[in-house]
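Below is one structure, written out as structure tokens; the observations come after it.
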Amino acid sequence: MTLSPELTQERNTELGDIVSAYAGKLMPDVQMRTFANTHRIFPTRTIKAGGSAVPIPRAASMLEDMPIAANGEMYDLYDYVSRNRLVGLLAIKDGEIVHEFHDAGFTADTRWMSMSMAKSVSTTLVGTAIQDGFIDSVDDQLVKYMPELAGSGYDGVSIRHLLQMTSGVQWDDTHTTAGSERRIMLDLQVAQESGAIMEFMASLPRIAEPGDVWNYSTGETHVVGALVKAATGKWLADYCSETMWSRLGMQADAEWWLEAPNGLEVAGSGICATLHDYARLGLFALKGGVIDGEAIVPDGWFREATEPRMAGGSPLNYGYMWWPVPDREGNFTDGAFSARGIFGQYIYINPARNIVLTVLSCRSKPKFAEAILDNDFFNAAVEALS
């Protein structure tokens, strides 16, 4: 299909807004519209929901406010929402909604971009592929399923190394630096050339031994998506729908960005879903990946995927693209963890306290633009709800 000159200009403007947002140079109103409509800007593949939504019940008593200790100061919920530029907030305790907030035109039906929360979904699909028998073990070599990577920096890298971003392959994930590998990947996504991102990943050198060094890499997650496709023969969105999305009582279909029409999903940042459906993903993780009594991932997968570990003899506060979240004293006794994305997107799960928090934001910069650390908010919410 050929776009008219007017539509071509509009699309180029929208893509330019995406690039400007990653650079941290977009005004709030344009940024808001862009983040709520990325599934209309990029080609997508639908993650189909099931037949009917299962509402999340509301508690008889709602949480209106809470004290939040951060930066050596005391704040409240209104500070957190306004200073951190939240557009949506959902707090669930014991399976019931205890607080819900929408702002600035964002509604319960808005499909907001996940950014890197998608990474946690993608690695969970690796666990599902193991449970379904498509992948034998996280200790398998990548080239077993992707022989085209033989001779590349990923030759000799295991699935486990990939999932915890310790492949040793070169990568700079700085969004605001033109020319970084992350920005090159974005440029390739904007260019919409099928296979170009994987060609780029295969061209990168390995600069450390697998398992020795942790290096945050959105490119690694694109390889995860390619692995799931290679092992299962199914597109990531279709496999996600089949195993999870259609079975979790989701409110709506979601959309997953594509690298190109009919190409791979952008596994590291591309899901667009509603606030309640992100929360349902959190409830799924809270239950250990069990749906209607059926284990969707291997027993203990979420514990393994979300706990701190070691890399090259050094402590690593990172799992299989999930982030362990310490309590206020720096301990991990609750086993809390989160999916998180730039500009302030979070799903926080605390199994010990039966709490799920979902935060969707529109911050001025990809990272470090928050006035109140989100982990401080999570710990304050746990204290208020316990």
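To be explicit about the labels: the chains of the structure tokens are called A, B, and onward in the order shown, and within each one the residues are counted from 1, while ligands get numbers from 1 in the order they are shown.
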Within 9 Å of range 285-293 of chain A using only C-alpha atoms, minus same-chain residues under 4 positions, as a tab-separated table (two decimals) with N, CA, C and O atoms, in the first residue's frame:
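What landed in out28.tsv:
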```
chain	number	residue	atom	x	y	z
A	124	THR	N	9.77	-14.82	29.85
A	124	THR	CA	8.79	-15.77	30.37
A	124	THR	C	8.36	-16.74	29.28
A	124	THR	O	8.12	-17.93	29.55
A	244	MET	N	-0.73	-17.46	27.25
A	244	MET	CA	-1.03	-16.59	28.38
A	244	MET	C	-2.21	-15.66	28.13
A	244	MET	O	-3.23	-15.70	28.82
A	247	ARG	N	-5.81	-16.56	28.04
A	247	ARG	CA	-6.24	-17.40	29.16
A	247	ARG	C	-6.27	-16.66	30.49
A	247	ARG	O	-6.61	-17.26	31.52
A	248	LEU	N	-5.90	-15.38	30.49
A	248	LEU	CA	-5.77	-14.64	31.75
A	248	LEU	C	-6.93	-13.68	32.00
A	248	LEU	O	-6.85	-12.84	32.89
A	280	ARG	N	-2.79	-7.75	35.27
A	280	ARG	CA	-3.09	-9.19	35.18
A	280	ARG	C	-1.82	-10.00	34.91
A	280	ARG	O	-1.70	-11.13	35.39
A	281	LEU	N	-0.90	-9.44	34.13
A	281	LEU	CA	0.40	-10.10	33.96
A	281	LEU	C	1.11	-10.22	35.30
A	281	LEU	O	1.74	-11.24	35.61
A	297	VAL	N	4.87	-22.42	33.00
A	297	VAL	CA	6.33	-22.42	33.00
A	297	VAL	C	6.80	-23.53	33.93
A	297	VAL	O	6.03	-24.03	34.75
A	298	PRO	N	8.06	-23.94	33.85
A	298	PRO	CA	8.55	-24.99	34.76
A	298	PRO	C	8.42	-24.58	36.22
A	298	PRO	O	8.45	-23.40	36.57
A	299	ASP	N	8.28	-25.58	37.08
A	299	ASP	CA	8.19	-25.32	38.51
A	299	ASP	C	9.41	-24.54	38.99
A	299	ASP	O	10.55	-24.90	38.67
A	300	GLY	N	9.18	-23.46	39.72
A	300	GLY	CA	10.26	-22.64	40.24
A	300	GLY	C	10.82	-21.65	39.24
A	300	GLY	O	11.79	-20.93	39.56
A	301	TRP	N	10.22	-21.54	38.05
A	301	TRP	CA	10.77	-20.65	37.02
A	301	TRP	C	10.83	-19.20	37.51
A	301	TRP	O	11.85	-18.53	37.36
A	302	PHE	N	9.73	-18.70	38.07
A	302	PHE	CA	9.73	-17.29	38.47
A	302	PHE	C	10.69	-17.02	39.61
A	302	PHE	O	11.28	-15.94	39.68
A	303	ARG	N	10.88	-17.97	40.49
A	303	ARG	CA	11.89	-17.78	41.54
A	303	ARG	C	13.28	-17.68	40.91
A	303	ARG	O	14.07	-16.80	41.25
A	349	ILE	N	5.82	-6.86	41.79
A	349	ILE	CA	5.18	-8.04	42.36
A	349	ILE	C	5.86	-8.38	43.68
A	349	ILE	O	7.09	-8.52	43.73
A	350	ASN	N	5.06	-8.51	44.74
A	350	ASN	CA	5.60	-8.91	46.04
A	350	ASN	C	4.86	-10.16	46.49
A	350	ASN	O	3.75	-10.08	47.04
A	351	PRO	N	5.43	-11.35	46.26
A	351	PRO	CA	4.73	-12.59	46.60
A	351	PRO	C	4.46	-12.75	48.09
A	351	PRO	O	3.42	-13.31	48.49
A	354	ASN	N	1.53	-10.47	48.83
A	354	ASN	CA	0.39	-10.61	47.91
A	354	ASN	C	-0.02	-9.26	47.32
A	354	ASN	O	-1.20	-8.90	47.29
A	355	ILE	N	0.98	-8.53	46.82
A	355	ILE	CA	0.77	-7.17	46.30
A	355	ILE	C	1.28	-7.09	44.86
A	355	ILE	O	2.35	-7.60	44.55
A	356	VAL	N	0.49	-6.45	44.00
A	356	VAL	CA	0.90	-6.10	42.64
A	356	VAL	C	0.64	-4.62	42.42
A	356	VAL	O	-0.47	-4.13	42.70
```
Got a sec: who's within 12 Å of Arg40 in chain A, counting only C-alpha atoms, leaving out chain neighbours fewer than 5 positions off, as a ChimeraX atom specification? /A:10-11,14-15,33-35,45-46,111-113,254-258,270,272
Kindly export the residues of the current selection with C-alpha atoms, as a PDB file, in the first residue's frame.
```pdb
ATOM      1  CA  GLU A  10       2.272  12.545   9.128  1.00  0.00           C
ATOM      2  CA  ARG A  11       3.962   9.182   9.588  1.00  0.00           C
ATOM      3  CA  GLU A  14       5.274  10.533  14.250  1.00  0.00           C
ATOM      4  CA  LEU A  15       8.455   8.520  13.745  1.00  0.00           C
ATOM      5  CA  ARG A  33      -0.041  11.395  22.514  1.00  0.00           C
ATOM      6  CA  THR A  34       2.929   9.491  21.125  1.00  0.00           C
ATOM      7  CA  PHE A  35       3.190   7.030  24.027  1.00  0.00           C
ATOM      8  CA  ARG A  45       1.042  -8.058  15.526  1.00  0.00           C
ATOM      9  CA  THR A  46      -1.990  -8.574  17.753  1.00  0.00           C
ATOM     10  CA  ARG A 111      -3.046   0.929  25.216  1.00  0.00           C
ATOM     11  CA  TRP A 112       0.118   2.365  26.728  1.00  0.00           C
ATOM     12  CA  MET A 113       3.553   1.288  25.545  1.00  0.00           C
ATOM     13  CA  ALA A 254      -2.695  -6.021  22.963  1.00  0.00           C
ATOM     14  CA  GLU A 255      -0.346  -5.066  20.149  1.00  0.00           C
ATOM     15  CA  TRP A 256       3.341  -5.857  19.745  1.00  0.00           C
ATOM     16  CA  TRP A 257       5.612  -3.673  17.602  1.00  0.00           C
ATOM     17  CA  LEU A 258       7.264  -5.307  14.624  1.00  0.00           C
ATOM     18  CA  GLY A 270       7.120  -3.284  22.013  1.00  0.00           C
ATOM     19  CA  CYS A 272       1.024  -1.926  23.980  1.00  0.00           C
TER      20      CYS A 272
END
```
If we count only C-alpha atoms, what is near Leu236 in chain A at a cut-off of 8 Å, once residues fewer than 3 positions away on the same chain are taken out, given as a tab-separated table (two decimals) with all heavy atoms, in the first residue's frame?
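Below is the file part16.tsv, written as the result:
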```tsv
chain	number	residue	atom	x	y	z
A	122	SER	N	8.96	-11.52	27.31
A	122	SER	CA	9.69	-12.32	26.33
A	122	SER	C	10.47	-13.46	26.99
A	122	SER	O	10.48	-14.60	26.50
A	122	SER	CB	10.65	-11.42	25.54
A	122	SER	OG	9.93	-10.45	24.80
A	225	GLY	N	13.57	-12.97	21.36
A	225	GLY	CA	12.39	-13.12	20.51
A	225	GLY	C	12.66	-14.02	19.31
A	225	GLY	O	11.83	-14.87	18.95
A	228	VAL	N	12.73	-17.67	20.51
A	228	VAL	CA	11.39	-18.25	20.71
A	228	VAL	C	10.76	-18.60	19.36
A	228	VAL	O	10.16	-19.66	19.20
A	228	VAL	CB	10.50	-17.28	21.51
A	228	VAL	CG1	9.05	-17.77	21.55
A	228	VAL	CG2	11.02	-17.11	22.93
A	229	LYS	N	10.91	-17.70	18.38
A	229	LYS	CA	10.37	-17.98	17.05
A	229	LYS	C	11.04	-19.21	16.43
A	229	LYS	O	10.38	-20.08	15.84
A	229	LYS	CB	10.57	-16.76	16.14
A	229	LYS	CG	10.14	-16.96	14.68
A	229	LYS	CD	8.65	-17.22	14.56
A	229	LYS	CE	8.15	-17.05	13.12
A	229	LYS	NZ	8.75	-18.02	12.19
A	239	TYR	N	2.34	-16.78	20.15
A	239	TYR	CA	2.67	-17.72	21.23
A	239	TYR	C	2.27	-17.14	22.59
A	239	TYR	O	1.78	-17.86	23.47
A	239	TYR	CB	4.16	-18.05	21.19
A	239	TYR	CG	4.56	-19.21	22.06
A	239	TYR	CD1	3.87	-20.43	22.02
A	239	TYR	CD2	5.66	-19.12	22.92
A	239	TYR	CE1	4.26	-21.49	22.81
A	239	TYR	CE2	6.05	-20.18	23.71
A	239	TYR	CZ	5.35	-21.36	23.65
A	239	TYR	OH	5.72	-22.43	24.44
A	240	CYS	N	2.44	-15.84	22.75
A	240	CYS	CA	2.02	-15.17	23.98
A	240	CYS	C	0.50	-15.28	24.15
A	240	CYS	O	0.00	-15.56	25.24
A	240	CYS	CB	2.45	-13.70	23.95
A	240	CYS	SG	2.05	-12.77	25.44
A	264	LEU	N	9.84	-9.93	12.73
A	264	LEU	CA	9.89	-10.28	14.14
A	264	LEU	C	9.31	-9.17	15.01
A	264	LEU	O	9.40	-7.97	14.67
A	264	LEU	CB	11.34	-10.53	14.58
A	264	LEU	CG	12.04	-11.79	14.09
A	264	LEU	CD1	13.52	-11.72	14.44
A	264	LEU	CD2	11.40	-13.04	14.70
A	265	GLU	N	8.76	-9.56	16.15
A	265	GLU	CA	8.36	-8.57	17.14
A	265	GLU	C	9.60	-7.90	17.74
A	265	GLU	O	10.67	-8.51	17.81
A	265	GLU	CB	7.57	-9.24	18.28
A	265	GLU	CG	6.20	-9.73	17.90
A	265	GLU	CD	6.19	-11.09	17.21
A	265	GLU	OE1	7.30	-11.63	16.94
A	265	GLU	OE2	5.10	-11.61	16.96
A	267	ALA	N	11.05	-7.51	20.64
A	267	ALA	CA	10.81	-8.25	21.88
A	267	ALA	C	11.20	-7.47	23.13
A	267	ALA	O	10.71	-7.76	24.22
A	267	ALA	CB	11.57	-9.57	21.85
```
When you look at range 195-200 of chain A with a cut-off of 8 Å (counting only C-alpha atoms), what residues show up, excluding the ones that are within fewer than 3 positions of it in the same chain? I need them as a list in words. Met185, Leu188, Gln189, Ser203, Leu204, His222, Val223, Glu259, Gly263 and Leu264 of chain A
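Restricting the calculation to only C-alpha atoms, the smallest distance between Glu242 in chain A and any of A:Asn375, A:Asn37, A:Thr13, A:Thr128 is found for A:Thr128.
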Record the distance separating CA of Met250 in chain A and CA of Leu283 in chain A, expressed in Å with one decimal. 11.5 Å
Choose the residue, out of A:Arg58, A:Arg328, A:Arg183, A:Lys144, that has the smallest atom-to-atom separation from Phe378 in chain A; count only C-alpha atoms.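 Among A:Arg58, A:Arg328, A:Arg183, A:Lys144, it is A:Arg328 that comes nearest to Phe378 in chain A.
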Give me every helix (DSSP H, G or I) residue in range 159-355 of chain A, going by DSSP on the backbone, as a PyMOL selection string. chain A and resi 159-163+181-191+196-203+218-232+236-243+245-247+275-286+301-306
Residues near Ser20 in chain A, anyone? I mean within 12 Å using only C-alpha atoms, not counting same-chain ones fewer than 3 positions away, as a tab-separated table (two decimals) with all heavy atoms, in the first residue's frame.
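Generated output (result_36.tsv):
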```
chain	number	residue	atom	x	y	z
A	13	THR	N	6.50	12.44	10.69
A	13	THR	CA	6.46	13.28	11.89
A	13	THR	C	6.35	12.43	13.14
A	13	THR	O	7.05	12.65	14.14
A	13	THR	CB	5.29	14.26	11.83
A	13	THR	OG1	5.46	15.14	10.69
A	13	THR	CG2	5.21	15.11	13.09
A	14	GLU	N	5.46	11.42	13.09
A	14	GLU	CA	5.27	10.53	14.25
A	14	GLU	C	6.54	9.74	14.56
A	14	GLU	O	6.93	9.60	15.72
A	14	GLU	CB	4.11	9.58	13.98
A	14	GLU	CG	2.76	10.27	13.93
A	14	GLU	CD	1.66	9.35	13.43
A	14	GLU	OE1	1.97	8.36	12.73
A	14	GLU	OE2	0.49	9.61	13.75
A	15	LEU	N	7.20	9.25	13.53
A	15	LEU	CA	8.45	8.52	13.74
A	15	LEU	C	9.54	9.44	14.29
A	15	LEU	O	10.33	9.05	15.15
A	15	LEU	CB	8.91	7.87	12.44
A	15	LEU	CG	8.06	6.70	11.94
A	15	LEU	CD1	8.48	6.29	10.54
A	15	LEU	CD2	8.14	5.51	12.89
A	16	GLY	N	9.54	10.68	13.80
A	16	GLY	CA	10.48	11.66	14.33
A	16	GLY	C	10.23	11.94	15.80
A	16	GLY	O	11.18	12.13	16.58
A	17	ASP	N	8.94	11.94	16.20
A	17	ASP	CA	8.61	12.14	17.61
A	17	ASP	C	9.12	10.98	18.47
A	17	ASP	O	9.58	11.19	19.60
A	17	ASP	CB	7.10	12.29	17.78
A	17	ASP	CG	6.56	13.61	17.23
A	17	ASP	OD1	7.36	14.54	17.07
A	17	ASP	OD2	5.35	13.68	16.96
A	23	ALA	N	15.57	10.50	22.67
A	23	ALA	CA	16.65	11.46	22.94
A	23	ALA	C	16.33	12.34	24.14
A	23	ALA	O	17.18	13.12	24.58
A	23	ALA	CB	16.90	12.32	21.71
A	24	GLY	N	15.10	12.23	24.68
A	24	GLY	CA	14.70	13.05	25.82
A	24	GLY	C	14.39	14.48	25.44
A	24	GLY	O	14.54	15.40	26.25
A	25	LYS	N	13.89	14.69	24.20
A	25	LYS	CA	13.65	16.04	23.70
A	25	LYS	C	12.28	16.12	23.03
A	25	LYS	O	12.15	16.35	21.83
A	25	LYS	CB	14.75	16.45	22.73
A	25	LYS	CG	16.14	16.53	23.38
A	25	LYS	CD	17.19	17.04	22.43
A	25	LYS	CE	18.57	17.09	23.10
A	25	LYS	NZ	18.61	17.97	24.26
A	26	LEU	N	11.24	15.89	23.86
A	26	LEU	CA	9.88	15.97	23.37
A	26	LEU	C	9.01	16.62	24.43
A	26	LEU	O	9.11	16.28	25.61
A	26	LEU	CB	9.35	14.57	23.05
A	26	LEU	CG	8.22	14.46	22.04
A	26	LEU	CD1	8.65	14.98	20.67
A	26	LEU	CD2	7.76	13.00	21.91
A	27	MET	N	8.18	17.57	24.03
A	27	MET	CA	7.33	18.28	24.98
A	27	MET	C	6.22	17.35	25.49
A	27	MET	O	5.80	16.42	24.80
A	27	MET	CB	6.72	19.51	24.33
A	27	MET	CG	7.74	20.63	24.11
A	27	MET	SD	8.47	21.18	25.67
A	27	MET	CE	9.56	22.49	25.10
A	28	PRO	N	5.73	17.62	26.72
A	28	PRO	CA	4.83	16.66	27.37
A	28	PRO	C	3.58	16.30	26.58
A	28	PRO	O	3.19	15.14	26.54
A	28	PRO	CB	4.48	17.37	28.69
A	28	PRO	CG	5.63	18.26	28.96
A	28	PRO	CD	6.11	18.72	27.62
A	30	VAL	N	2.95	16.32	23.31
A	30	VAL	CA	3.27	15.47	22.16
A	30	VAL	C	3.73	14.10	22.65
A	30	VAL	O	3.36	13.05	22.09
A	30	VAL	CB	4.37	16.12	21.29
A	30	VAL	CG1	4.71	15.22	20.10
A	30	VAL	CG2	3.92	17.49	20.80
A	31	GLN	N	4.51	14.08	23.71
A	31	GLN	CA	5.01	12.82	24.26
A	31	GLN	C	3.84	11.96	24.72
A	31	GLN	O	3.81	10.74	24.47
A	31	GLN	CB	5.95	13.10	25.42
A	31	GLN	CG	6.67	11.88	25.95
A	31	GLN	CD	7.62	12.23	27.09
A	31	GLN	OE1	7.62	13.34	27.60
A	31	GLN	NE2	8.42	11.27	27.51
A	34	THR	N	2.07	10.48	21.77
A	34	THR	CA	2.93	9.49	21.13
A	34	THR	C	2.92	8.18	21.90
A	34	THR	O	2.73	7.11	21.32
A	34	THR	CB	4.37	10.03	21.02
A	34	THR	OG1	4.37	11.23	20.24
A	34	THR	CG2	5.28	9.01	20.35
A	175	HIS	N	20.13	5.54	25.51
A	175	HIS	CA	19.11	6.00	24.56
A	175	HIS	C	19.40	7.39	24.02
A	175	HIS	O	19.07	7.71	22.88
A	175	HIS	CB	17.74	6.01	25.24
A	175	HIS	CG	17.34	4.69	25.82
A	175	HIS	ND1	17.77	4.26	27.06
A	175	HIS	CD2	16.57	3.70	25.33
A	175	HIS	CE1	17.26	3.07	27.30
A	175	HIS	NE2	16.53	2.70	26.27
A	176	THR	N	20.00	8.23	24.86
A	176	THR	CA	20.17	9.63	24.49
A	176	THR	C	21.45	9.89	23.71
A	176	THR	O	21.73	11.04	23.36
A	176	THR	CB	20.15	10.51	25.76
A	176	THR	OG1	21.10	10.00	26.70
A	176	THR	CG2	18.77	10.50	26.40
A	177	THR	N	22.24	8.86	23.44
A	177	THR	CA	23.49	9.03	22.70
A	177	THR	C	23.33	8.54	21.27
A	177	THR	O	23.18	7.34	21.02
A	177	THR	CB	24.64	8.24	23.37
A	177	THR	OG1	24.81	8.72	24.71
A	177	THR	CG2	25.94	8.41	22.59
A	178	ALA	N	23.34	9.47	20.34
A	178	ALA	CA	23.27	9.09	18.93
A	178	ALA	C	24.50	8.25	18.59
A	178	ALA	O	25.62	8.56	18.98
A	178	ALA	CB	23.23	10.34	18.06
A	183	ARG	N	20.59	3.18	19.88
A	183	ARG	CA	20.02	4.11	18.91
A	183	ARG	C	20.10	3.55	17.49
A	183	ARG	O	19.23	3.80	16.65
A	183	ARG	CB	20.70	5.47	19.01
A	183	ARG	CG	20.30	6.25	20.27
A	183	ARG	CD	18.85	6.74	20.21
A	183	ARG	NE	18.68	7.73	19.18
A	183	ARG	CZ	18.93	9.03	19.34
A	183	ARG	NH1	19.36	9.47	20.51
A	183	ARG	NH2	18.75	9.88	18.36
A	186	LEU	N	17.18	1.37	17.19
A	186	LEU	CA	15.98	2.17	16.97
A	186	LEU	C	15.90	2.64	15.52
A	186	LEU	O	14.83	2.59	14.90
A	186	LEU	CB	15.96	3.37	17.92
A	186	LEU	CG	14.80	4.36	17.74
A	186	LEU	CD1	13.46	3.67	18.01
A	186	LEU	CD2	14.97	5.57	18.65
A	187	ASP	N	17.02	3.09	14.97
A	187	ASP	CA	17.04	3.53	13.57
A	187	ASP	C	16.63	2.39	12.64
A	187	ASP	O	15.90	2.60	11.65
A	187	ASP	CB	18.42	4.05	13.19
A	187	ASP	CG	18.78	5.36	13.88
A	187	ASP	OD1	17.85	6.03	14.37
A	187	ASP	OD2	19.97	5.70	13.93
A	364	SER	N	10.20	12.90	31.39
A	364	SER	CA	10.86	13.76	30.40
A	364	SER	C	12.06	13.12	29.73
A	364	SER	O	12.42	13.48	28.61
A	364	SER	CB	11.29	15.07	31.06
A	364	SER	OG	12.21	14.83	32.12
A	365	LYS	N	12.69	12.18	30.41
A	365	LYS	CA	13.87	11.51	29.88
A	365	LYS	C	13.68	10.00	30.03
A	365	LYS	O	12.95	9.54	30.91
A	365	LYS	CB	15.14	11.95	30.63
A	365	LYS	CG	15.51	13.42	30.44
A	365	LYS	CD	16.05	13.69	29.05
A	365	LYS	CE	16.63	15.10	28.90
A	365	LYS	NZ	15.58	16.15	28.96
A	366	PRO	N	14.35	9.19	29.20
A	366	PRO	CA	14.20	7.75	29.32
A	366	PRO	C	14.55	7.22	30.71
A	366	PRO	O	13.86	6.36	31.25
A	366	PRO	CB	15.17	7.20	28.26
A	366	PRO	CG	15.28	8.28	27.25
A	366	PRO	CD	15.20	9.56	28.04
```
Could you check the closest approach to Ile372 in chain A for each of A:Ile18, A:Val213, A:Ile56, A:Leu77 and tell me which residue wins, using only C-alpha atoms?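 Ranked by minimum distance to Ile372 in chain A, first place goes to A:Leu77.
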I'd like to know which of A:Thr174, A:Val359, A:Glu304, A:Met32 is closest to Gly105 in chain A, using only C-alpha atoms. A:Met32
Write out as a PyMOL selection string each polymer residue whose atoms come within 10 Å of Ala230 in chain A, counting only C-alpha atoms; drop sequence neighbours fewer than 5 positions from it. chain A and resi 134-135+145-147+224-225+235
Saved selection, atoms kept: C-alpha atoms, as a PDB file, in the first residue's frame:
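Generated output (out-v6.pdb):
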```pdb
ATOM      1  CA  PHE A 134      10.326 -26.690  22.386  1.00  0.00           C
ATOM      2  CA  ILE A 135      13.529 -25.828  24.309  1.00  0.00           C
ATOM      3  CA  TYR A 145      18.264 -23.403  17.886  1.00  0.00           C
ATOM      4  CA  MET A 146      19.774 -20.608  15.801  1.00  0.00           C
ATOM      5  CA  PRO A 147      22.607 -22.114  13.707  1.00  0.00           C
ATOM      6  CA  VAL A 224      15.357 -13.792  22.795  1.00  0.00           C
ATOM      7  CA  GLY A 225      12.392 -13.124  20.511  1.00  0.00           C
ATOM      8  CA  TRP A 235       5.499 -15.516  16.232  1.00  0.00           C
TER       9      TRP A 235
END
```
Shortest interatomic distance to Ile130 in chain A - which of A:Thr166, A:Ile47, A:Ala339, A:Ala295, counting only C-alpha atoms: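 Looking only at the distances to Ile130 in chain A, the closest residue turns out to be A:Ala295.
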Which residue out of A:Gly330, A:Lys367, A:Gly282, A:Ser61 has the minimum interatomic distance to His99 in chain A when only C-alpha atoms are used?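 That would be A:Ser61, the residue with the smallest distance to His99 in chain A.
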Select from range 187-302 of chain A everything DSSP, run on the backbone, classes as strand (DSSP E), then give the selection as a PyMOL selection string. chain A and resi 254-257+271-273+290-291+294-295
Contacts of Asn215 in chain A at 9 Å (only C-alpha atoms; same-chain gap of 6+ positions) as a PyMOL selection string: chain A and resi 164-173
